Amino acid sequence: MFLETKSLTKKFGGLFAVNSVDFSIEKGKINAIIGPNGAGKSTFFNLISGFHRPSSGAVIFKGKDITTLPSNKIAELGIARTFQTTNLFEQSTVLDNVIVGHRLRTKSNLLDAVLRTKRLKSEEKKCREKAIEVLDFVGLTHAAHKQAAGISQEEKKRVAFALALATNPEIVFLDEPAAGVNPDETEGLALLMEKMVQKGITVCLIEHKMQMIMKLADKIMVLNYGEKIAEGTPDEIKNNETVIKAYLGG
Ligand code: ADP
Ligand code: MG
């Protein structure tokens, strides 16, 4: 299995935000996580990406137990993520945002930085080239020199994708990548996710837009109050009684 969680659990005080979740992510596919607000979806991502430490359970990536690794080590293994809200340096250009974001994720040697060595300069050049490449991939070449404060919500979502892609990930976790964008833009972002998969990147996303998910996902997991209540193909999920009840509040 490519990436799997085993009885993954996170307690905040007495609350089980994620409760004993077994989930396996298929390589080269679009995997989705849905569920009502507060179901534990973002916390699940935080546990996998090392932003939160699980209370119990395990995360296994390509056969390696990564449960207790810090987030930077997890990123180095090829696991990238975006956040529900995209925080950019509003006064900087889109290109600089991606360059800085990328640099923060790559180890830089303090001595190199102080002496401004040849190696540092060549690393900076590589960062810049990578940023230009990923901005092209996400369709933002035209906006590279715009101030981040002046771009649309949909363009911000694309910048978030670019930031994740700059680390050359094998898998990306996208937290509500189409929240707050219109239907046409949602379609464009869905195409971009398909383009990632074509490039060999595995996708796992959290999303509320059911029409999009049902069209896009190969596999869906449904969380409710921290627990997995269903898992399957879009057709299986659509017809699942428990899921219908959870959504209709029955
Ligand atoms: P979702 O992303 O599905 O909307 P979250 O994972 O953000 O849900 O939250 C799941 C539950 O855990 C919620 O009840 C939320 O209030 C709680 N929670 C999330 N993060 C924290 C935290 N850092 N401290 C305490 N409770 C949290
Ligand atoms: Mg969330």
# chains A, B, ... in the order shown; residues from 1 in each chain; ligands from 1
call {"tool": "residues_near_ligand", "arguments": {"ligand": "ligand 2", "cutoff": "9 Å", "atoms": "only C-alpha atoms and all ligand atoms", "output": "list in words"}}
result
Asn37, Gly38, Ala39, Gly40, Lys41, Ser42, Thr43, Phe45, Phe83, Gln84, Asp175, Glu176, Ile206 and Glu207 of chain A
call {"tool": "write_last_selection", "arguments": {"atoms": "C-alpha atoms", "output": "PDB file, in the first residue's frame"}}
result
ATOM      1  CA  ASN A  37     -17.801  20.528   9.448  1.00  0.00           C
ATOM      2  CA  GLY A  38     -15.819  19.463  12.491  1.00  0.00           C
ATOM      3  CA  ALA A  39     -15.695  15.825  11.329  1.00  0.00           C
ATOM      4  CA  GLY A  40     -11.907  15.703  11.742  1.00  0.00           C
ATOM      5  CA  LYS A  41     -10.834  16.035   8.102  1.00  0.00           C
ATOM      6  CA  SER A  42      -8.213  18.761   8.584  1.00  0.00           C
ATOM      7  CA  THR A  43      -6.964  17.085  11.754  1.00  0.00           C
ATOM      8  CA  PHE A  45      -4.282  15.789   7.314  1.00  0.00           C
ATOM      9  CA  PHE A  83      -3.958  24.493   4.064  1.00  0.00           C
ATOM     10  CA  GLN A  84      -7.618  25.398   4.242  1.00  0.00           C
ATOM     11  CA  ASP A 175      -7.433  20.878   2.141  1.00  0.00           C
ATOM     12  CA  GLU A 176     -10.563  22.305   0.481  1.00  0.00           C
ATOM     13  CA  ILE A 206     -10.845  17.325   1.322  1.00  0.00           C
ATOM     14  CA  GLU A 207     -13.783  19.009  -0.335  1.00  0.00           C
TER      15      GLU A 207
END
call {"tool": "select_by_dssp", "arguments": {"residues": "segment 151-212 of chain A", "states": "alpha helix (DSSP H)", "output": "count of residues only"}}
result
32
call {"tool": "closest_residue", "arguments": {"among": "A:Ala149, A:Ile74, A:Ala162, A:Cys204", "to": "Leu135 of chain A", "atoms": "only C-alpha atoms"}}
result
A:Ala162
call {"tool": "closest_residue", "arguments": {"among": "A:Glu4, A:Glu170, A:Glu123, A:Glu227", "to": "Gly200 of chain A", "atoms": "only C-alpha atoms"}}
result
A:Glu170
call {"tool": "atom_distance", "arguments": {"atom1": "atom CA of Lys195 of chain A", "atom2": "atom CA of Phe137 of chain A"}}
result
8.8 Å
call {"tool": "residues_around", "arguments": {"residues": "segment 150-157 of chain A", "least_positions_apart": "5", "cutoff": "8 Å", "atoms": "only C-alpha atoms", "output": "list in words"}}
result
Thr86, Leu140, Ala143, Pro177, Ala178, Gly180, Val181 and Glu185 of chain A
call {"tool": "write_last_selection", "arguments": {"atoms": "C-alpha atoms", "output": "JSON list (two decimals), in the first residue's frame"}}
result
[["chain", "number", "residue", "atom", "x", "y", "z"],
["A", 86, "THR", "CA", -3.80, 30.20, 1.89],
["A", 140, "LEU", "CA", -0.13, 31.27, -13.34],
["A", 143, "ALA", "CA", 0.39, 36.42, -12.64],
["A", 177, "PRO", "CA", -8.81, 23.33, -2.74],
["A", 178, "ALA", "CA", -11.97, 24.71, -4.32],
["A", 180, "GLY", "CA", -14.76, 29.97, -2.17],
["A", 181, "VAL", "CA", -14.39, 29.78, -5.94],
["A", 185, "GLU", "CA", -13.11, 28.03, -11.56]]
call {"tool": "residues_around", "arguments": {"residues": "Val18 of chain A", "least_positions_apart": "2", "cutoff": "12 Å", "atoms": "only C-alpha atoms", "output": "PDB file with N, CA and C atoms, in the first residue's frame"}}
result
ATOM      1  N   THR A   5      -3.155   4.699   7.010  1.00  0.00           N
ATOM      2  CA  THR A   5      -3.227   5.017   8.435  1.00  0.00           C
ATOM      3  C   THR A   5      -3.827   3.804   9.129  1.00  0.00           C
ATOM      4  N   LYS A   6      -3.311   3.552  10.340  1.00  0.00           N
ATOM      5  CA  LYS A   6      -3.802   2.412  11.107  1.00  0.00           C
ATOM      6  C   LYS A   6      -4.309   2.893  12.458  1.00  0.00           C
ATOM      7  N   SER A   7      -5.587   2.708  12.687  1.00  0.00           N
ATOM      8  CA  SER A   7      -6.231   3.138  13.940  1.00  0.00           C
ATOM      9  C   SER A   7      -5.796   4.536  14.354  1.00  0.00           C
ATOM     10  N   LEU A   8      -5.651   5.421  13.395  1.00  0.00           N
ATOM     11  CA  LEU A   8      -5.136   6.758  13.681  1.00  0.00           C
ATOM     12  C   LEU A   8      -6.131   7.534  14.550  1.00  0.00           C
ATOM     13  N   THR A   9      -5.617   8.069  15.655  1.00  0.00           N
ATOM     14  CA  THR A   9      -6.473   8.713  16.652  1.00  0.00           C
ATOM     15  C   THR A   9      -5.849  10.003  17.151  1.00  0.00           C
ATOM     16  N   LYS A  10      -6.679  11.053  17.266  1.00  0.00           N
ATOM     17  CA  LYS A  10      -6.231  12.292  17.899  1.00  0.00           C
ATOM     18  C   LYS A  10      -7.292  12.775  18.861  1.00  0.00           C
ATOM     19  N   LYS A  11      -6.864  12.909  20.120  1.00  0.00           N
ATOM     20  CA  LYS A  11      -7.768  13.443  21.137  1.00  0.00           C
ATOM     21  C   LYS A  11      -7.362  14.867  21.471  1.00  0.00           C
ATOM     22  N   PHE A  12      -8.329  15.762  21.534  1.00  0.00           N
ATOM     23  CA  PHE A  12      -8.086  17.090  22.080  1.00  0.00           C
ATOM     24  C   PHE A  12      -8.871  17.135  23.388  1.00  0.00           C
ATOM     25  N   GLY A  14     -11.053  15.763  25.953  1.00  0.00           N
ATOM     26  CA  GLY A  14     -11.920  14.587  25.921  1.00  0.00           C
ATOM     27  C   GLY A  14     -12.515  14.313  24.546  1.00  0.00           C
ATOM     28  N   LEU A  15     -12.177  15.153  23.559  1.00  0.00           N
ATOM     29  CA  LEU A  15     -12.801  15.030  22.235  1.00  0.00           C
ATOM     30  C   LEU A  15     -11.948  14.181  21.291  1.00  0.00           C
ATOM     31  N   PHE A  16     -12.572  13.163  20.711  1.00  0.00           N
ATOM     32  CA  PHE A  16     -11.877  12.387  19.690  1.00  0.00           C
ATOM     33  C   PHE A  16     -12.061  13.100  18.343  1.00  0.00           C
ATOM     34  N   SER A  20      -9.627   6.367  15.577  1.00  0.00           N
ATOM     35  CA  SER A  20      -9.294   5.023  15.108  1.00  0.00           C
ATOM     36  C   SER A  20      -9.556   4.832  13.608  1.00  0.00           C
ATOM     37  N   VAL A  21      -8.985   5.718  12.801  1.00  0.00           N
ATOM     38  CA  VAL A  21      -9.257   5.679  11.358  1.00  0.00           C
ATOM     39  C   VAL A  21      -8.228   4.841  10.598  1.00  0.00           C
ATOM     40  N   ASP A  22      -8.738   3.832   9.907  1.00  0.00           N
ATOM     41  CA  ASP A  22      -7.928   3.026   8.979  1.00  0.00           C
ATOM     42  C   ASP A  22      -8.262   3.511   7.579  1.00  0.00           C
ATOM     43  N   PHE A  23      -7.253   4.001   6.875  1.00  0.00           N
ATOM     44  CA  PHE A  23      -7.518   4.465   5.514  1.00  0.00           C
ATOM     45  C   PHE A  23      -6.295   4.162   4.665  1.00  0.00           C
ATOM     46  N   GLY A  38     -16.215  19.965  11.183  1.00  0.00           N
ATOM     47  CA  GLY A  38     -15.819  19.463  12.491  1.00  0.00           C
ATOM     48  C   GLY A  38     -15.661  17.955  12.533  1.00  0.00           C
ATOM     49  N   ALA A  39     -15.760  17.293  11.377  1.00  0.00           N
ATOM     50  CA  ALA A  39     -15.695  15.825  11.329  1.00  0.00           C
ATOM     51  C   ALA A  39     -14.292  15.288  11.596  1.00  0.00           C
ATOM     52  N   GLY A  40     -13.274  16.159  11.498  1.00  0.00           N
ATOM     53  CA  GLY A  40     -11.907  15.703  11.742  1.00  0.00           C
ATOM     54  C   GLY A  40     -11.056  15.617  10.488  1.00  0.00           C
ATOM     55  N   LYS A  41     -11.542  16.161   9.389  1.00  0.00           N
ATOM     56  CA  LYS A  41     -10.834  16.035   8.102  1.00  0.00           C
ATOM     57  C   LYS A  41      -9.476  16.753   8.132  1.00  0.00           C
ATOM     58  N   SER A  42      -9.484  18.017   8.557  1.00  0.00           N
ATOM     59  CA  SER A  42      -8.213  18.761   8.584  1.00  0.00           C
ATOM     60  C   SER A  42      -7.261  18.154   9.614  1.00  0.00           C
ATOM     61  N   THR A  43      -7.811  17.717  10.730  1.00  0.00           N
ATOM     62  CA  THR A  43      -6.964  17.085  11.754  1.00  0.00           C
ATOM     63  C   THR A  43      -6.314  15.823  11.177  1.00  0.00           C
ATOM     64  N   PHE A  44      -7.059  15.067  10.399  1.00  0.00           N
ATOM     65  CA  PHE A  44      -6.518  13.862   9.760  1.00  0.00           C
ATOM     66  C   PHE A  44      -5.301  14.235   8.904  1.00  0.00           C
ATOM     67  N   PHE A  45      -5.420  15.313   8.118  1.00  0.00           N
ATOM     68  CA  PHE A  45      -4.282  15.789   7.314  1.00  0.00           C
ATOM     69  C   PHE A  45      -3.123  16.227   8.215  1.00  0.00           C
ATOM     70  N   ASN A  46      -3.461  16.917   9.305  1.00  0.00           N
ATOM     71  CA  ASN A  46      -2.414  17.387  10.221  1.00  0.00           C
ATOM     72  C   ASN A  46      -1.633  16.222  10.823  1.00  0.00           C
ATOM     73  N   LEU A  47      -2.312  15.123  11.058  1.00  0.00           N
ATOM     74  CA  LEU A  47      -1.645  13.947  11.629  1.00  0.00           C
ATOM     75  C   LEU A  47      -0.713  13.312  10.604  1.00  0.00           C
ATOM     76  N   ILE A  48      -1.175  13.216   9.363  1.00  0.00           N
ATOM     77  CA  ILE A  48      -0.349  12.586   8.324  1.00  0.00           C
ATOM     78  C   ILE A  48       0.875  13.443   8.017  1.00  0.00           C
ATOM     79  N   HIS A  52       0.412  17.654  13.645  1.00  0.00           N
ATOM     80  CA  HIS A  52      -0.048  17.203  14.957  1.00  0.00           C
ATOM     81  C   HIS A  52       0.502  15.817  15.214  1.00  0.00           C
ATOM     82  N   ARG A  53       0.754  15.528  16.477  1.00  0.00           N
ATOM     83  CA  ARG A  53       1.214  14.201  16.860  1.00  0.00           C
ATOM     84  C   ARG A  53      -0.018  13.364  17.235  1.00  0.00           C
ATOM     85  N   PRO A  54      -0.173  12.168  16.649  1.00  0.00           N
ATOM     86  CA  PRO A  54      -1.351  11.359  17.002  1.00  0.00           C
ATOM     87  C   PRO A  54      -1.353  10.935  18.475  1.00  0.00           C
ATOM     88  N   SER A  55      -2.543  10.721  19.018  1.00  0.00           N
ATOM     89  CA  SER A  55      -2.640  10.173  20.376  1.00  0.00           C
ATOM     90  C   SER A  55      -2.307   8.693  20.339  1.00  0.00           C
ATOM     91  N   SER A  56      -2.716   8.023  19.259  1.00  0.00           N
ATOM     92  CA  SER A  56      -2.328   6.627  19.037  1.00  0.00           C
ATOM     93  C   SER A  56      -2.554   6.283  17.574  1.00  0.00           C
ATOM     94  N   GLY A  57      -2.054   5.123  17.188  1.00  0.00           N
ATOM     95  CA  GLY A  57      -2.190   4.703  15.798  1.00  0.00           C
ATOM     96  C   GLY A  57      -0.941   5.022  15.007  1.00  0.00           C
ATOM     97  N   LEU A 223     -15.911  10.904   6.802  1.00  0.00           N
ATOM     98  CA  LEU A 223     -15.694  11.031   8.248  1.00  0.00           C
ATOM     99  C   LEU A 223     -16.903  11.716   8.869  1.00  0.00           C
ATOM    100  N   ASN A 224     -17.234  11.303  10.093  1.00  0.00           N
ATOM    101  CA  ASN A 224     -18.301  11.941  10.854  1.00  0.00           C
ATOM    102  C   ASN A 224     -17.941  11.813  12.327  1.00  0.00           C
ATOM    103  N   TYR A 225     -17.900  12.940  13.051  1.00  0.00           N
ATOM    104  CA  TYR A 225     -17.460  12.932  14.446  1.00  0.00           C
ATOM    105  C   TYR A 225     -16.165  12.131  14.636  1.00  0.00           C
ATOM    106  N   GLY A 226     -15.218  12.332  13.726  1.00  0.00           N
ATOM    107  CA  GLY A 226     -13.899  11.701  13.883  1.00  0.00           C
ATOM    108  C   GLY A 226     -13.816  10.266  13.418  1.00  0.00           C
ATOM    109  N   GLU A 227     -14.974   9.659  13.103  1.00  0.00           N
ATOM    110  CA  GLU A 227     -14.942   8.255  12.704  1.00  0.00           C
ATOM    111  C   GLU A 227     -15.198   8.065  11.223  1.00  0.00           C
ATOM    112  N   LYS A 228     -14.557   7.031  10.672  1.00  0.00           N
ATOM    113  CA  LYS A 228     -14.841   6.677   9.286  1.00  0.00           C
ATOM    114  C   LYS A 228     -16.189   5.974   9.260  1.00  0.00           C
ATOM    115  N   ILE A 229     -17.157   6.548   8.549  1.00  0.00           N
ATOM    116  CA  ILE A 229     -18.462   5.887   8.505  1.00  0.00           C
ATOM    117  C   ILE A 229     -18.707   5.197   7.167  1.00  0.00           C
TER     118      ILE A 229
END
call {"tool": "select_by_dssp", "arguments": {"residues": "segment 21-234 of chain A", "states": "strand (DSSP E or B)", "output": "JSON, numbers by chain"}}
result
{"A": [21, 22, 23, 24, 25, 30, 31, 32, 33, 34, 56, 57, 58, 59, 60, 61, 64, 65, 79, 80, 81, 93, 147, 171, 172, 173, 174, 175, 202, 203, 204, 205, 206, 219, 220, 221, 222, 223, 224, 227, 228, 229, 230, 231, 232]}
call {"tool": "write_last_selection", "arguments": {"atoms": "N, CA and C atoms", "output": "tab-separated table (two decimals), in the first residue's frame"}}
result
chain	number	residue	atom	x	y	z
A	21	VAL	N	-8.98	5.72	12.80
A	21	VAL	CA	-9.26	5.68	11.36
A	21	VAL	C	-8.23	4.84	10.60
A	22	ASP	N	-8.74	3.83	9.91
A	22	ASP	CA	-7.93	3.03	8.98
A	22	ASP	C	-8.26	3.51	7.58
A	23	PHE	N	-7.25	4.00	6.87
A	23	PHE	CA	-7.52	4.46	5.51
A	23	PHE	C	-6.29	4.16	4.66
A	24	SER	N	-6.52	3.71	3.44
A	24	SER	CA	-5.37	3.52	2.57
A	24	SER	C	-5.56	4.33	1.30
A	25	ILE	N	-4.48	4.98	0.93
A	25	ILE	CA	-4.50	5.86	-0.22
A	25	ILE	C	-3.85	5.16	-1.40
A	30	ILE	N	-7.05	9.74	-7.42
A	30	ILE	CA	-7.58	10.87	-6.67
A	30	ILE	C	-8.43	10.33	-5.53
A	31	ASN	N	-7.93	10.52	-4.32
A	31	ASN	CA	-8.59	10.05	-3.11
A	31	ASN	C	-9.25	11.26	-2.45
A	32	ALA	N	-10.47	11.08	-1.96
A	32	ALA	CA	-11.15	12.23	-1.35
A	32	ALA	C	-11.64	11.90	0.05
A	33	ILE	N	-11.68	12.94	0.86
A	33	ILE	CA	-12.24	12.81	2.21
A	33	ILE	C	-13.36	13.83	2.34
A	34	ILE	N	-14.54	13.35	2.68
A	34	ILE	CA	-15.67	14.26	2.86
A	34	ILE	C	-16.24	14.06	4.26
A	56	SER	N	-2.72	8.02	19.26
A	56	SER	CA	-2.33	6.63	19.04
A	56	SER	C	-2.55	6.28	17.57
A	57	GLY	N	-2.05	5.12	17.19
A	57	GLY	CA	-2.19	4.70	15.80
A	57	GLY	C	-0.94	5.02	15.01
A	58	ALA	N	-0.97	4.72	13.71
A	58	ALA	CA	0.24	4.87	12.89
A	58	ALA	C	-0.06	5.37	11.49
A	59	VAL	N	0.97	6.01	10.91
A	59	VAL	CA	0.93	6.42	9.51
A	59	VAL	C	2.09	5.72	8.81
A	60	ILE	N	1.78	4.95	7.78
A	60	ILE	CA	2.80	4.19	7.06
A	60	ILE	C	2.87	4.69	5.62
A	61	PHE	N	4.06	5.11	5.21
A	61	PHE	CA	4.25	5.60	3.84
A	61	PHE	C	5.27	4.70	3.14
A	64	LYS	N	7.15	2.46	5.34
A	64	LYS	CA	7.94	3.05	6.43
A	64	LYS	C	7.01	3.73	7.43
A	65	ASP	N	7.26	3.49	8.70
A	65	ASP	CA	6.46	4.12	9.74
A	65	ASP	C	6.91	5.57	9.91
A	79	ILE	N	5.87	14.09	0.74
A	79	ILE	CA	4.47	14.30	1.12
A	79	ILE	C	4.24	15.80	1.30
A	80	ALA	N	3.42	16.39	0.43
A	80	ALA	CA	3.17	17.83	0.51
A	80	ALA	C	1.71	18.08	0.88
A	81	ARG	N	1.43	19.28	1.35
A	81	ARG	CA	0.05	19.59	1.72
A	81	ARG	C	-0.24	21.06	1.48
A	93	THR	N	5.42	39.53	-4.65
A	93	THR	CA	4.84	39.01	-5.89
A	93	THR	C	4.52	37.53	-5.71
A	147	GLN	N	1.35	41.44	-7.51
A	147	GLN	CA	1.39	41.42	-6.06
A	147	GLN	C	0.35	40.40	-5.57
A	171	ILE	N	3.02	12.72	-3.29
A	171	ILE	CA	1.61	12.80	-2.93
A	171	ILE	C	1.31	14.18	-2.37
A	172	VAL	N	0.16	14.74	-2.76
A	172	VAL	CA	-0.24	16.04	-2.21
A	172	VAL	C	-1.59	15.90	-1.50
A	173	PHE	N	-1.67	16.52	-0.33
A	173	PHE	CA	-2.90	16.58	0.44
A	173	PHE	C	-3.45	18.00	0.31
A	174	LEU	N	-4.64	18.11	-0.28
A	174	LEU	CA	-5.21	19.42	-0.57
A	174	LEU	C	-6.43	19.64	0.32
A	175	ASP	N	-6.34	20.63	1.20
A	175	ASP	CA	-7.43	20.88	2.14
A	175	ASP	C	-8.38	21.92	1.56
A	202	THR	N	0.15	11.48	-6.68
A	202	THR	CA	-1.08	10.99	-6.05
A	202	THR	C	-1.75	12.17	-5.34
A	203	VAL	N	-3.08	12.23	-5.45
A	203	VAL	CA	-3.81	13.34	-4.84
A	203	VAL	C	-4.75	12.82	-3.75
A	204	CYS	N	-4.79	13.54	-2.64
A	204	CYS	CA	-5.80	13.27	-1.61
A	204	CYS	C	-6.39	14.62	-1.24
A	205	LEU	N	-7.70	14.79	-1.43
A	205	LEU	CA	-8.28	16.10	-1.14
A	205	LEU	C	-9.47	16.02	-0.21
A	206	ILE	N	-9.66	17.12	0.50
A	206	ILE	CA	-10.84	17.33	1.32
A	206	ILE	C	-11.69	18.32	0.55
A	219	LYS	N	-11.81	7.30	-5.20
A	219	LYS	CA	-12.13	6.67	-3.94
A	219	LYS	C	-12.46	7.73	-2.90
A	220	ILE	N	-13.47	7.47	-2.09
A	220	ILE	CA	-13.91	8.46	-1.10
A	220	ILE	C	-13.98	7.83	0.28
A	221	MET	N	-13.51	8.59	1.28
A	221	MET	CA	-13.74	8.19	2.67
A	221	MET	C	-14.64	9.25	3.30
A	222	VAL	N	-15.61	8.81	4.09
A	222	VAL	CA	-16.50	9.75	4.77
A	222	VAL	C	-16.21	9.73	6.26
A	223	LEU	N	-15.91	10.90	6.80
A	223	LEU	CA	-15.69	11.03	8.25
A	223	LEU	C	-16.90	11.72	8.87
A	224	ASN	N	-17.23	11.30	10.09
A	224	ASN	CA	-18.30	11.94	10.85
A	224	ASN	C	-17.94	11.81	12.33
A	227	GLU	N	-14.97	9.66	13.10
A	227	GLU	CA	-14.94	8.26	12.70
A	227	GLU	C	-15.20	8.07	11.22
A	228	LYS	N	-14.56	7.03	10.67
A	228	LYS	CA	-14.84	6.68	9.29
A	228	LYS	C	-16.19	5.97	9.26
A	229	ILE	N	-17.16	6.55	8.55
A	229	ILE	CA	-18.46	5.89	8.50
A	229	ILE	C	-18.71	5.20	7.17
A	230	ALA	N	-17.89	5.51	6.17
A	230	ALA	CA	-18.03	4.82	4.88
A	230	ALA	C	-16.78	5.05	4.05
A	231	GLU	N	-16.60	4.15	3.08
A	231	GLU	CA	-15.47	4.25	2.17
A	231	GLU	C	-15.85	3.52	0.90
A	232	GLY	N	-15.53	4.10	-0.25
A	232	GLY	CA	-15.85	3.41	-1.49
A	232	GLY	C	-15.76	4.31	-2.70
call {"tool": "closest_residue", "arguments": {"among": "A:Lys29, A:Lys245, A:His102, A:Lys238", "to": "Glu129 of chain A", "atoms": "only C-alpha atoms"}}
result
A:His102
